[in-house]
Amino acid sequence: MQELRVKISGFGGQGIILSSYIVGKAAAIFDGKNSSMTQAYGPEARGGACSSQVVISDEEIDYPLVDVANVLIAMSQEAYDKFLPILKKKGILLYDTDLVKEVQIHNEIVAKAIPATRLAEEMGKKIVANIVMLGFATAQTKISSYDAMKSSIKESVPARFIELNMKAFQIGYDYIGD
Amino acid sequence: MQNKIPTHPMEDYLRMDRMPHIWCPSCGLGSIVTAFMKGVKNAGIDLNKLALVSGIGCTGRVAGYVKLDSYHTTHGRAIPFATGMKMANQDLTVAVISGDGDLFAIGGNHLIHAARRNMDLNVICVNNFIYGMTGGQNAPTTPLGAYSSTAPYGNYEQPFNLVGLAAAAGSSYVARWTALHLQRIQDSIEEMAKKKGFCFLEIISPCATVFARKNKGGTGLDLLQDYKRRSSIDHNADPQKIPLDMDGEIVCGVFVNDEKPTFAENVEKGTSRKVKEHPLYVQDRKDQEV
Amino acid sequence: MKQSNLHGEFFMQGNIACAEAALSAGCRFFGGYPITPASEIAERMAFRLPQVGGSFVQFEDEIASMASILGASWAGVKSMTASSGPGISLMLENIGLGIMMETPCVVVNVQRGSPSTGLPTSWGQSDMMQARFGSHGDYGVIALAPKSPQEYFDLTIVAFNYAEKYRLPVFVTSDAIVGHMTEKVYIPPVDELEIINRKYTNKKPGDYQPYTIEPGQWVSDFAKAGDGYLYHSTGLTHDERGYPDMSEACHIQLVNRLIDKIKMNVDDIILLEERDLDDADVVVVTFGTTARTVVPGINLAKKKGIKVGFLRLITVWPFPEQKIRDLAKHVKGFVVPEINMGQIVLEVERCAGGVLTKSLPHPGGGIHDFKDVAKAIEEVAYAK
């Protein structure tokens with residue numbers, strides 16, 4: 001497998017950092033790969049915008065930052081506007097339909113949309129929107145195997161919310177992208 | 001043949017191989033050290049388990065002369081050094097002896113915070129109103145109008161009232177004596193050694209070499225006579241209301257003697273249940289020592 | 001019975017790995033003050049130390065924090081503090097005391113953009129000379145620079161070992177990238193770790209002097225407060241008894257030993273990562289996370305046919321002088337990329353003996369453009 005560089009971005013409170021942590025942990029601990037997660041720094045962390053990044057590889061990871069991404073997960077318009085330029089050709093863009101409205105998709109990338117936040121709200125817990133998105137990402141990209149992602153989520157959320165998060169993951173995983 | 005040298009009464013408690021000490025004739029420190037050692041001995045504590053920490057300055061040199069585990073640290077930092085010692089080994093009694101400049105100028109922040117935490121330390125501040133070792137510069141205790149080498153026209157600053165400050169910051173025990181009250185000092189040291197929490201003792205001490213010289217105070221003996229004239233004892237005095245000046249009353253006494261939980265007790269109380277329930281809790285702690 | 005540490009395989013942040021390493025090494029006291037990007041270490045220690053019978057104190061400032069870990073060490077407990085540039089500046093006073101009293105302890109500097117308040121949330125490597133020369137006076141120093149959370153763990157253990165072996169405050173000079181980076185960290189059970197514990201004297205009180213150096217040793221055996229040795233220690237120049245001695249002879253002997261105990265043991269202390277050095281024309285000398293971020297640049301230069309060697313200073317201080325001297329005999333030159341305006345390059349230049357040494361500085365807040373790294377390598381490779 002080639003190196004996979006993943007950028008996850010949105011705004012504070014969406015669980016962006018936790019999402020990266022879960023993705024990285026799924027790869028490093030449950031898929032037997034290497035992964036490196038770094039958080040947003042400097043100006044990126046301002047104005048409520050929030051981003052984090054994970055590199056996943058079978059090899060040792062030298063360069064840990066994501067200046068060019070294979071996968072971009074955008075949970076806000078600002079995130080989309082800011083990070084679309086770093087998405088590689090043939091890269092995959094996953095975005096929240098209701099939060100990223102102005103989309104100009106060109107045919108050099110693969111774009112898939114999911115109303116993650118709305119689906120989470122329908123479950124009665126808006127807070128699991130990030131997990132819905134991770135389920136969707138697991139189905140649509142090679143960031144993680146199904147089992148690894150589930151295990152990683154289980155170990156990363158409070159025990160009493162595991163069931164809820166598993167449900168959210170499955171809803172995202174089963175969603176046919178727009 | 002040499003005559004047999006008479007034994008010094010404090011020989012068991014002092015590093016005799018470091019005598020003579022560097023303090024000036026008529027300085028209060030010699031008798032204060034004696035009172036300190038007698039006080040801790042009377043308290044009945046194991047002197048092997050008593051650590052003494054000093055900062056820098058004339059009083060900072062006390063650590064070098066007592067036969068104890070003793071540490072002569074950096075200027076103003078004796079209290080945090082002592083805090084580390086106490087928190088690393090609760091079996092130790094940890095005392096700090098330092099001067100007014102060391103504890104209240106450069107080390108002032110450490111003192112008020114250690115008092116706020118009620119850290120289990122015995123802090124003795126020898127106040128001579130001036131920086132002695134460096135040649136008589138202004139201290140945070142120098143009375144308004146007093147002369148020092150950096151206040152050649154008289155001091156413009158309001159001095160700290162040390163007992164007021166120590167009490168306000170949360171000390172469990174606050175006392176003030178002059179170097180003339182040696183028995184009282186000894187008793188206070190004994191009380192402090194037995195007592196938990198942050199204990200603070202201010203000792204007004206003569207500096208004939210610089211303070212008296214710059215302020216026409218006469219000899220060391222003159223200074224002691226002045227203390228005798230000016231001092232009174234009032235345990236009920238409000239420590240906030242007894243600041244010192246050049247010529248006024250020196251109100252002495254034990255102003256604060258409270259029982260309240262120490263930092264370490266609060267840690268134990270606050271964490272014990274939560275910690276023990278945690279899966280990472282290590283039960284057998286015997287092998288923790290390094 | 002040996003106590004168990006937290007062990008296993010974790011997806012763990014660098015700063016957390018550092019704290020866990022300290023606990024595995026036997027650290028039982030942490031004195032600290034909050035500062036970005038180092039606070040996670042203090043937070044972890046506040047959470048974990050009570051679980052293992054240790055103590056955590058958040059102090060009023062970094063001056064007190066540093067003084068406290070010296071006191072704790074003298075009371076017989078391994079101790080640590082962690083901060084970033086502005087806090088380390090305040091600690092340097094008592095780091096000097098630790099050097100002079102020969103006090104084992106570990107100081108972690110999670111470097112950020114500097115000078116002054118600089119870039120609190122971003123990274124830099126600009127405190128390397130501060131680690132070397134920051135406190136006043138002449139002395140030997142040890143600084144270790146991790147490139148990953150795993151190595152952050154490993155080197156923190158090594159730092160504690162060096163601290164005990166050579167009796168001084170040892171720096172772990174990490175940075176905001178590795179501090180906040182999360183990767184797989186394997187923590188072995190504590191009995192599988194190589195841990196050096198304090199060497200206490202076996203002499204009786206009365207026979208013991210705190211600074212008597214036995215033949216074949218560079219430092220003296222320890223006695224801790226409360227064991228009945230009733231010894232004295234001071235930041236003043238002191239003799240074997242620990243007593244102040246203001247003579248020139250005593251000062252010469254003491255200062256020389258503080259330097260020589262490091263200098264004469266560089267083979268034991270210096271850790272390096274070497275790649276492709278044997279037939280290299282250009283050697284990139286690097287340390288910390290920069291060793292990772294410059295790899296694409298090195299690869300680009302290699303693609304262009306340049307023989308590029310890679311030397312990573314895991315131990316930055318003491319500096320591997322002999323290694324650079326040896327390499328200088330057969331390479332065309334050195335390139336030294338660092339997230340500062342040229343600090344370690346001065347050392348490389350000093351040892352390179354006139355061999356071309358190119359500084360690739362960056363003031364912090366970002367990383368080198370890999371194309372600049374490749375360009376610098378090319379410039380050295382094709383220099384006339």
# chains A, B, ... in the order shown; residues from 1 in each chain; ligands from 1
$ residues_around --residues "Pro361 (chain C)" --least-positions-apart "5" --cutoff "9 Å" --atoms "only C-alpha atoms" --output "ChimeraX atom specification"
/C:336-343,368
$ write_last_selection --atoms "C-alpha atoms" --output "JSON list (two decimals), in the first residue's frame"
[["chain", "number", "residue", "atom", "x", "y", "z"],
["C", 336, "VAL", "CA", 22.80, 21.55, 8.32],
["C", 337, "PRO", "CA", 19.05, 22.21, 8.22],
["C", 338, "GLU", "CA", 17.62, 23.30, 11.55],
["C", 339, "ILE", "CA", 14.59, 25.24, 12.74],
["C", 340, "ASN", "CA", 16.74, 28.05, 14.04],
["C", 341, "MET", "CA", 18.96, 30.63, 12.42],
["C", 342, "GLY", "CA", 22.08, 28.48, 12.51],
["C", 343, "GLN", "CA", 23.11, 27.03, 15.86],
["C", 368, "HIS", "CA", 11.99, 23.68, 5.40]]
$ closest_atom_pairs --of "chain C" --to "chain A" --cutoff "7 Å" --atoms "only C-alpha atoms" --output "CSV"
residue,atom,partner,partner_atom,distance
C:Phe11,CA,A:Lys25,CA,5.5
C:Thr121,CA,A:Gly42,CA,5.7
C:Ser122,CA,A:Gly42,CA,5.6
C:His180,CA,A:Thr38,CA,6.3
C:Met181,CA,A:Thr38,CA,4.7
C:Thr182,CA,A:Met37,CA,4.9
C:Glu183,CA,A:Ser36,CA,4.9
C:Lys184,CA,A:Ala28,CA,5.9
C:Arg292,CA,A:Asp62,CA,4.7
C:Thr293,CA,A:Tyr63,CA,5.0
C:Val295,CA,A:Asp62,CA,6.5
$ write_last_selection --atoms "N, CA, C and O atoms" --output "compact mmCIF listing (two decimals), in the first residue's frame"
# COMPACT_ATOMS: atom_id res chain seq x y z
N PHE C 11 -1.35 4.05 20.95
CA PHE C 11 -1.32 5.18 20.00
C PHE C 11 -1.26 6.41 20.88
O PHE C 11 -2.26 6.81 21.47
N THR C 121 2.26 28.22 19.96
CA THR C 121 1.66 26.97 19.50
C THR C 121 2.41 26.36 18.32
O THR C 121 2.01 25.34 17.80
N SER C 122 3.46 26.99 17.91
CA SER C 122 4.18 26.45 16.77
C SER C 122 5.59 26.04 17.18
O SER C 122 5.98 26.19 18.32
N HIS C 180 3.39 17.11 20.17
CA HIS C 180 1.96 16.95 19.87
C HIS C 180 1.70 15.89 18.80
O HIS C 180 0.60 15.82 18.26
N MET C 181 2.72 15.13 18.46
CA MET C 181 2.53 14.09 17.45
C MET C 181 2.08 12.80 18.14
O MET C 181 2.55 12.47 19.22
N THR C 182 1.14 12.11 17.51
CA THR C 182 0.66 10.86 18.08
C THR C 182 1.04 9.71 17.13
O THR C 182 0.71 9.76 15.95
N GLU C 183 1.73 8.74 17.67
CA GLU C 183 2.14 7.58 16.89
C GLU C 183 2.10 6.35 17.79
O GLU C 183 1.86 6.44 18.99
N LYS C 184 2.42 5.23 17.17
CA LYS C 184 2.48 4.00 17.95
C LYS C 184 3.69 4.06 18.89
O LYS C 184 4.79 4.39 18.49
N ARG C 292 13.15 14.30 10.15
CA ARG C 292 12.07 13.68 9.37
C ARG C 292 11.59 14.60 8.26
O ARG C 292 11.34 14.15 7.15
N THR C 293 11.48 15.88 8.56
CA THR C 293 10.87 16.77 7.57
C THR C 293 11.80 17.03 6.39
O THR C 293 11.34 17.46 5.33
N VAL C 295 13.58 14.69 4.90
CA VAL C 295 13.76 13.47 4.11
C VAL C 295 13.31 13.62 2.65
O VAL C 295 14.04 13.20 1.74
$ select_by_dssp --residues "region 31-123 of chain A" --states "alpha helix (DSSP H)" --output "PyMOL selection string"
chain A and resi 77-83+116-122
$ residues_around --residues "region 96-104 of chain C" --least-positions-apart "6" --cutoff "9 Å" --atoms "only C-alpha atoms" --output "PyMOL selection string"
(chain B and resi 73-74) or (chain C and resi 66-67+70-71+73-74+78-79+134-137+139-141+160+162-170+198+219+233-237+242+254-255+258)
$ write_last_selection --atoms "N, CA and C atoms" --output "short mmCIF file (atom, residue, chain, number, x, y, z; two decimals), in the first residue's frame"
data_model
loop_
_atom_site.label_atom_id
_atom_site.label_comp_id
_atom_site.auth_asym_id
_atom_site.auth_seq_id
_atom_site.Cartn_x
_atom_site.Cartn_y
_atom_site.Cartn_z
N THR B 73 21.48 26.96 48.67
CA THR B 73 20.96 26.94 47.30
C THR B 73 21.14 28.29 46.61
N THR B 74 20.26 28.62 45.68
CA THR B 74 20.37 29.89 44.96
C THR B 74 19.58 30.98 45.69
N MET C 66 12.06 24.32 38.96
CA MET C 66 13.40 23.75 38.79
C MET C 66 14.06 23.53 40.15
N ALA C 67 13.92 24.53 41.05
CA ALA C 67 14.50 24.38 42.39
C ALA C 67 13.91 23.16 43.09
N LEU C 70 15.35 19.75 42.18
CA LEU C 70 16.66 19.54 42.80
C LEU C 70 16.47 19.05 44.24
N GLY C 71 15.59 19.74 44.97
CA GLY C 71 15.33 19.35 46.36
C GLY C 71 14.83 17.91 46.43
N SER C 73 15.32 15.53 44.35
CA SER C 73 16.39 14.62 44.01
C SER C 73 17.30 14.38 45.22
N TRP C 74 17.61 15.44 45.94
CA TRP C 74 18.45 15.29 47.14
C TRP C 74 17.74 14.54 48.25
N LYS C 78 13.84 10.30 42.07
CA LYS C 78 14.09 10.77 40.70
C LYS C 78 13.04 11.83 40.36
N SER C 79 13.46 12.90 39.72
CA SER C 79 12.55 14.02 39.52
C SER C 79 12.70 14.63 38.15
N GLY C 134 23.23 28.08 28.32
CA GLY C 134 22.24 29.00 28.91
C GLY C 134 22.53 29.46 30.31
N SER C 135 22.94 28.56 31.17
CA SER C 135 23.23 28.99 32.54
C SER C 135 24.64 29.57 32.57
N HIS C 136 24.89 30.49 33.48
CA HIS C 136 26.18 31.15 33.48
C HIS C 136 27.30 30.18 33.88
N GLY C 137 28.45 30.41 33.32
CA GLY C 137 29.60 29.61 33.72
C GLY C 137 29.90 28.49 32.73
N TYR C 139 30.48 24.47 31.99
CA TYR C 139 30.07 23.17 32.51
C TYR C 139 29.77 22.24 31.35
N GLY C 140 29.77 20.96 31.61
CA GLY C 140 29.37 19.98 30.61
C GLY C 140 27.88 19.77 30.66
N VAL C 141 27.29 19.39 29.53
CA VAL C 141 25.84 19.25 29.49
C VAL C 141 25.48 18.09 28.56
N PHE C 160 17.13 9.93 32.09
CA PHE C 160 17.18 9.61 33.52
C PHE C 160 18.43 8.79 33.85
N TYR C 162 21.36 8.76 32.22
CA TYR C 162 22.54 9.63 32.17
C TYR C 162 22.58 10.54 33.41
N ALA C 163 21.41 11.03 33.80
CA ALA C 163 21.35 11.92 34.97
C ALA C 163 21.92 11.23 36.21
N GLU C 164 21.54 9.96 36.37
CA GLU C 164 22.04 9.22 37.54
C GLU C 164 23.52 8.90 37.41
N LYS C 165 23.91 8.52 36.19
CA LYS C 165 25.27 8.07 35.97
C LYS C 165 26.28 9.22 36.08
N TYR C 166 25.89 10.37 35.54
CA TYR C 166 26.83 11.50 35.50
C TYR C 166 26.44 12.63 36.46
N ARG C 167 25.39 12.42 37.20
CA ARG C 167 24.96 13.38 38.23
C ARG C 167 24.83 14.80 37.72
N LEU C 168 23.86 15.02 36.86
CA LEU C 168 23.57 16.38 36.41
C LEU C 168 22.14 16.44 35.85
N PRO C 169 21.60 17.66 35.72
CA PRO C 169 20.32 17.79 35.02
C PRO C 169 20.53 17.48 33.53
N VAL C 170 19.75 16.56 32.99
CA VAL C 170 19.89 16.20 31.57
C VAL C 170 18.69 16.76 30.81
N ARG C 198 20.09 5.16 41.33
CA ARG C 198 21.11 5.95 42.02
C ARG C 198 22.09 5.07 42.76
N VAL C 219 32.11 10.79 39.16
CA VAL C 219 31.24 11.44 40.14
C VAL C 219 31.27 10.62 41.42
N SER C 233 25.85 20.59 51.03
CA SER C 233 26.03 20.82 49.60
C SER C 233 25.73 22.28 49.30
N THR C 234 26.45 22.85 48.35
CA THR C 234 26.32 24.28 48.08
C THR C 234 26.55 24.59 46.62
N GLY C 235 25.97 25.69 46.17
CA GLY C 235 26.24 26.18 44.82
C GLY C 235 27.55 26.95 44.73
N LEU C 236 28.17 27.19 45.87
CA LEU C 236 29.50 27.81 45.87
C LEU C 236 30.53 26.78 45.41
N THR C 237 31.66 27.25 44.93
CA THR C 237 32.77 26.33 44.68
C THR C 237 33.10 25.62 45.99
N GLY C 242 32.14 19.15 50.44
CA GLY C 242 30.99 19.99 50.11
C GLY C 242 31.09 21.36 50.73
N LEU C 254 37.32 21.69 40.35
CA LEU C 254 35.87 21.42 40.26
C LEU C 254 35.34 21.69 38.86
N VAL C 255 35.65 22.87 38.32
CA VAL C 255 35.11 23.23 36.99
C VAL C 255 35.61 22.24 35.94
N LEU C 258 33.58 19.08 36.20
CA LEU C 258 32.21 19.23 35.70
C LEU C 258 32.17 19.14 34.17
#
$ atom_distance --atom1 "CA of Lys101 (chain A)" --atom2 "CA of Val157 (chain A)"
29.7 Å
$ closest_atom_pairs --of "chain C" --to "chain B" --cutoff "7 Å" --atoms "only C-alpha atoms" --output "Markdown table"
| residue | atom | partner | partner_atom | distance |
| --- | --- | --- | --- | --- |
| C:Lys2 | CA | B:Asp287 | CA | 6.5 |
| C:Gln3 | CA | B:Asp287 | CA | 6.8 |
| C:Gly26 | CA | B:Val290 | CA | 7.0 |
| C:Phe29 | CA | B:Ala88 | CA | 6.5 |
| C:Pro50 | CA | B:Val275 | CA | 6.7 |
| C:Gln51 | CA | B:Tyr281 | CA | 4.6 |
| C:Val52 | CA | B:Val282 | CA | 5.3 |
| C:Gly53 | CA | B:Arg285 | CA | 6.6 |
| C:Ser55 | CA | B:Met87 | CA | 6.3 |
| C:Glu60 | CA | B:His113 | CA | 6.8 |
| C:Ala64 | CA | B:Pro80 | CA | 5.1 |
| C:Ala67 | CA | B:Phe81 | CA | 4.7 |
| C:Ser68 | CA | B:Gly84 | CA | 4.1 |
| C:Ile69 | CA | B:Gly84 | CA | 5.7 |
| C:Leu70 | CA | B:Phe81 | CA | 6.4 |
| C:Gly71 | CA | B:Phe81 | CA | 4.4 |
| C:Ala72 | CA | B:Gly84 | CA | 4.3 |
| C:Trp74 | CA | B:Met85 | CA | 6.9 |
| C:Ala75 | CA | B:Met85 | CA | 5.1 |
| C:Gly76 | CA | B:Val290 | CA | 7.0 |
| C:Val77 | CA | B:Ala88 | CA | 6.0 |
| C:Asn94 | CA | B:Thr74 | CA | 6.9 |
| C:Leu97 | CA | B:Thr74 | CA | 6.9 |
| C:Asn197 | CA | B:Val290 | CA | 5.7 |
| C:Arg198 | CA | B:Val290 | CA | 6.1 |
| C:Ala225 | CA | B:Asp69 | CA | 5.7 |
| C:Gly226 | CA | B:Lys49 | CA | 4.3 |
| C:Asp227 | CA | B:Asn48 | CA | 6.5 |
| C:Gly228 | CA | B:Asn48 | CA | 4.7 |
| C:Leu230 | CA | B:Asp69 | CA | 4.2 |
| C:Tyr231 | CA | B:Asp69 | CA | 5.0 |
| C:His232 | CA | B:Ser70 | CA | 4.9 |
| C:Ser233 | CA | B:Tyr71 | CA | 5.0 |
| C:Thr234 | CA | B:His72 | CA | 4.5 |
| C:Gly235 | CA | B:Thr73 | CA | 5.9 |
$ write_last_selection --atoms "N, CA, C and O atoms" --output "short mmCIF file (atom, residue, chain, number, x, y, z; two decimals), in the first residue's frame"
data_model
loop_
_atom_site.label_atom_id
_atom_site.label_comp_id
_atom_site.auth_asym_id
_atom_site.auth_seq_id
_atom_site.Cartn_x
_atom_site.Cartn_y
_atom_site.Cartn_z
N LYS C 2 8.77 -6.38 41.68
CA LYS C 2 8.91 -5.14 40.91
C LYS C 2 7.53 -4.59 40.60
O LYS C 2 6.62 -5.34 40.30
N GLN C 3 7.37 -3.33 40.70
CA GLN C 3 6.09 -2.73 40.36
C GLN C 3 5.92 -2.72 38.84
O GLN C 3 6.88 -2.72 38.10
N GLY C 26 11.21 5.55 36.92
CA GLY C 26 11.19 5.65 38.38
C GLY C 26 11.01 7.06 38.90
O GLY C 26 11.15 7.30 40.10
N PHE C 29 8.71 12.49 41.35
CA PHE C 29 8.37 13.88 41.68
C PHE C 29 8.42 14.72 40.42
O PHE C 29 9.37 14.63 39.63
N PRO C 50 0.13 10.37 41.52
CA PRO C 50 -0.52 9.86 42.73
C PRO C 50 -0.81 8.35 42.65
O PRO C 50 -0.86 7.68 43.68
N GLN C 51 -0.96 7.85 41.44
CA GLN C 51 -1.25 6.41 41.28
C GLN C 51 -0.05 5.54 41.63
O GLN C 51 -0.20 4.36 41.91
N VAL C 52 1.12 6.10 41.56
CA VAL C 52 2.32 5.29 41.81
C VAL C 52 3.06 5.76 43.06
O VAL C 52 4.23 5.45 43.26
N GLY C 53 2.38 6.53 43.89
CA GLY C 53 2.99 6.96 45.14
C GLY C 53 3.93 8.12 45.01
O GLY C 53 4.75 8.36 45.89
N SER C 55 4.66 12.42 43.83
CA SER C 55 4.06 13.73 44.10
C SER C 55 4.18 14.65 42.90
O SER C 55 5.19 14.66 42.21
N GLU C 60 4.50 28.24 41.41
CA GLU C 60 4.15 29.60 41.05
C GLU C 60 4.92 30.07 39.82
O GLU C 60 4.54 31.04 39.18
N ALA C 64 10.79 28.19 40.60
CA ALA C 64 10.47 27.31 41.72
C ALA C 64 10.42 25.85 41.26
O ALA C 64 10.88 24.95 41.97
N ALA C 67 13.92 24.53 41.05
CA ALA C 67 14.50 24.38 42.39
C ALA C 67 13.91 23.16 43.09
O ALA C 67 14.62 22.41 43.76
N SER C 68 12.60 22.97 42.90
CA SER C 68 11.93 21.87 43.62
C SER C 68 12.43 20.50 43.18
O SER C 68 12.56 19.60 44.00
N ILE C 69 12.72 20.35 41.89
CA ILE C 69 13.14 19.01 41.46
C ILE C 69 14.57 18.71 41.95
O ILE C 69 14.93 17.56 42.16
N LEU C 70 15.35 19.75 42.18
CA LEU C 70 16.66 19.54 42.80
C LEU C 70 16.47 19.05 44.24
O LEU C 70 17.10 18.09 44.68
N GLY C 71 15.59 19.74 44.97
CA GLY C 71 15.33 19.35 46.36
C GLY C 71 14.83 17.91 46.43
O GLY C 71 15.29 17.12 47.25
N ALA C 72 13.89 17.57 45.54
CA ALA C 72 13.34 16.22 45.53
C ALA C 72 14.43 15.19 45.25
O ALA C 72 14.47 14.12 45.86
N TRP C 74 17.61 15.44 45.94
CA TRP C 74 18.45 15.29 47.14
C TRP C 74 17.74 14.54 48.25
O TRP C 74 18.38 13.96 49.13
N ALA C 75 16.41 14.54 48.19
CA ALA C 75 15.66 13.75 49.17
C ALA C 75 15.54 12.30 48.73
O ALA C 75 14.91 11.49 49.40
N GLY C 76 16.13 11.96 47.58
CA GLY C 76 16.23 10.56 47.20
C GLY C 76 15.23 10.09 46.18
O GLY C 76 14.99 8.89 46.03
N VAL C 77 14.65 11.01 45.43
CA VAL C 77 13.62 10.64 44.46
C VAL C 77 14.02 11.14 43.07
O VAL C 77 14.50 12.25 42.93
N ASN C 94 18.59 27.69 38.28
CA ASN C 94 18.70 26.50 39.13
C ASN C 94 19.22 25.28 38.37
O ASN C 94 19.64 24.31 38.99
N LEU C 97 22.56 25.51 39.43
CA LEU C 97 22.74 24.95 40.77
C LEU C 97 22.80 23.43 40.71
O LEU C 97 23.62 22.80 41.39
N ASN C 197 19.69 3.08 38.42
CA ASN C 197 19.24 3.72 39.65
C ASN C 197 20.42 4.37 40.38
O ASN C 197 21.57 4.13 40.05
N ARG C 198 20.09 5.16 41.33
CA ARG C 198 21.11 5.95 42.02
C ARG C 198 22.09 5.07 42.76
O ARG C 198 21.72 4.08 43.37
N ALA C 225 19.19 12.92 51.86
CA ALA C 225 18.78 13.55 53.11
C ALA C 225 18.04 12.53 53.96
O ALA C 225 17.25 11.75 53.45
N GLY C 226 18.34 12.54 55.24
CA GLY C 226 17.60 11.67 56.15
C GLY C 226 18.29 10.35 56.45
O GLY C 226 17.82 9.57 57.27
N ASP C 227 19.42 10.09 55.78
CA ASP C 227 20.11 8.82 56.00
C ASP C 227 21.20 8.91 57.06
O ASP C 227 21.96 7.97 57.27
N GLY C 228 21.32 10.06 57.70
CA GLY C 228 22.25 10.17 58.81
C GLY C 228 23.65 10.61 58.43
O GLY C 228 24.56 10.57 59.26
N LEU C 230 24.48 13.63 57.31
CA LEU C 230 24.63 15.02 57.75
C LEU C 230 25.69 15.77 56.93
O LEU C 230 26.62 16.35 57.45
N TYR C 231 25.50 15.72 55.63
CA TYR C 231 26.47 16.34 54.74
C TYR C 231 25.99 17.73 54.30
O TYR C 231 24.82 18.09 54.51
N HIS C 232 26.87 18.45 53.67
CA HIS C 232 26.53 19.78 53.20
C HIS C 232 26.74 19.87 51.69
O HIS C 232 27.67 19.28 51.15
N SER C 233 25.85 20.59 51.03
CA SER C 233 26.03 20.82 49.60
C SER C 233 25.73 22.28 49.30
O SER C 233 24.84 22.87 49.91
N THR C 234 26.45 22.85 48.35
CA THR C 234 26.32 24.28 48.08
C THR C 234 26.55 24.59 46.62
O THR C 234 27.21 23.83 45.91
N GLY C 235 25.97 25.69 46.17
CA GLY C 235 26.24 26.18 44.82
C GLY C 235 27.55 26.95 44.73
O GLY C 235 27.99 27.31 43.63
#
$ atom_distance --atom1 "CA of Ser76 (chain A)" --atom2 "CA of Phe136 (chain A)"
16.4 Å
$ residues_around --residues "region 118-124 of chain A" --least-positions-apart "5" --cutoff "8 Å" --atoms "only C-alpha atoms" --output "number ranges by chain"
A: 98, 129, 132, 168, 171
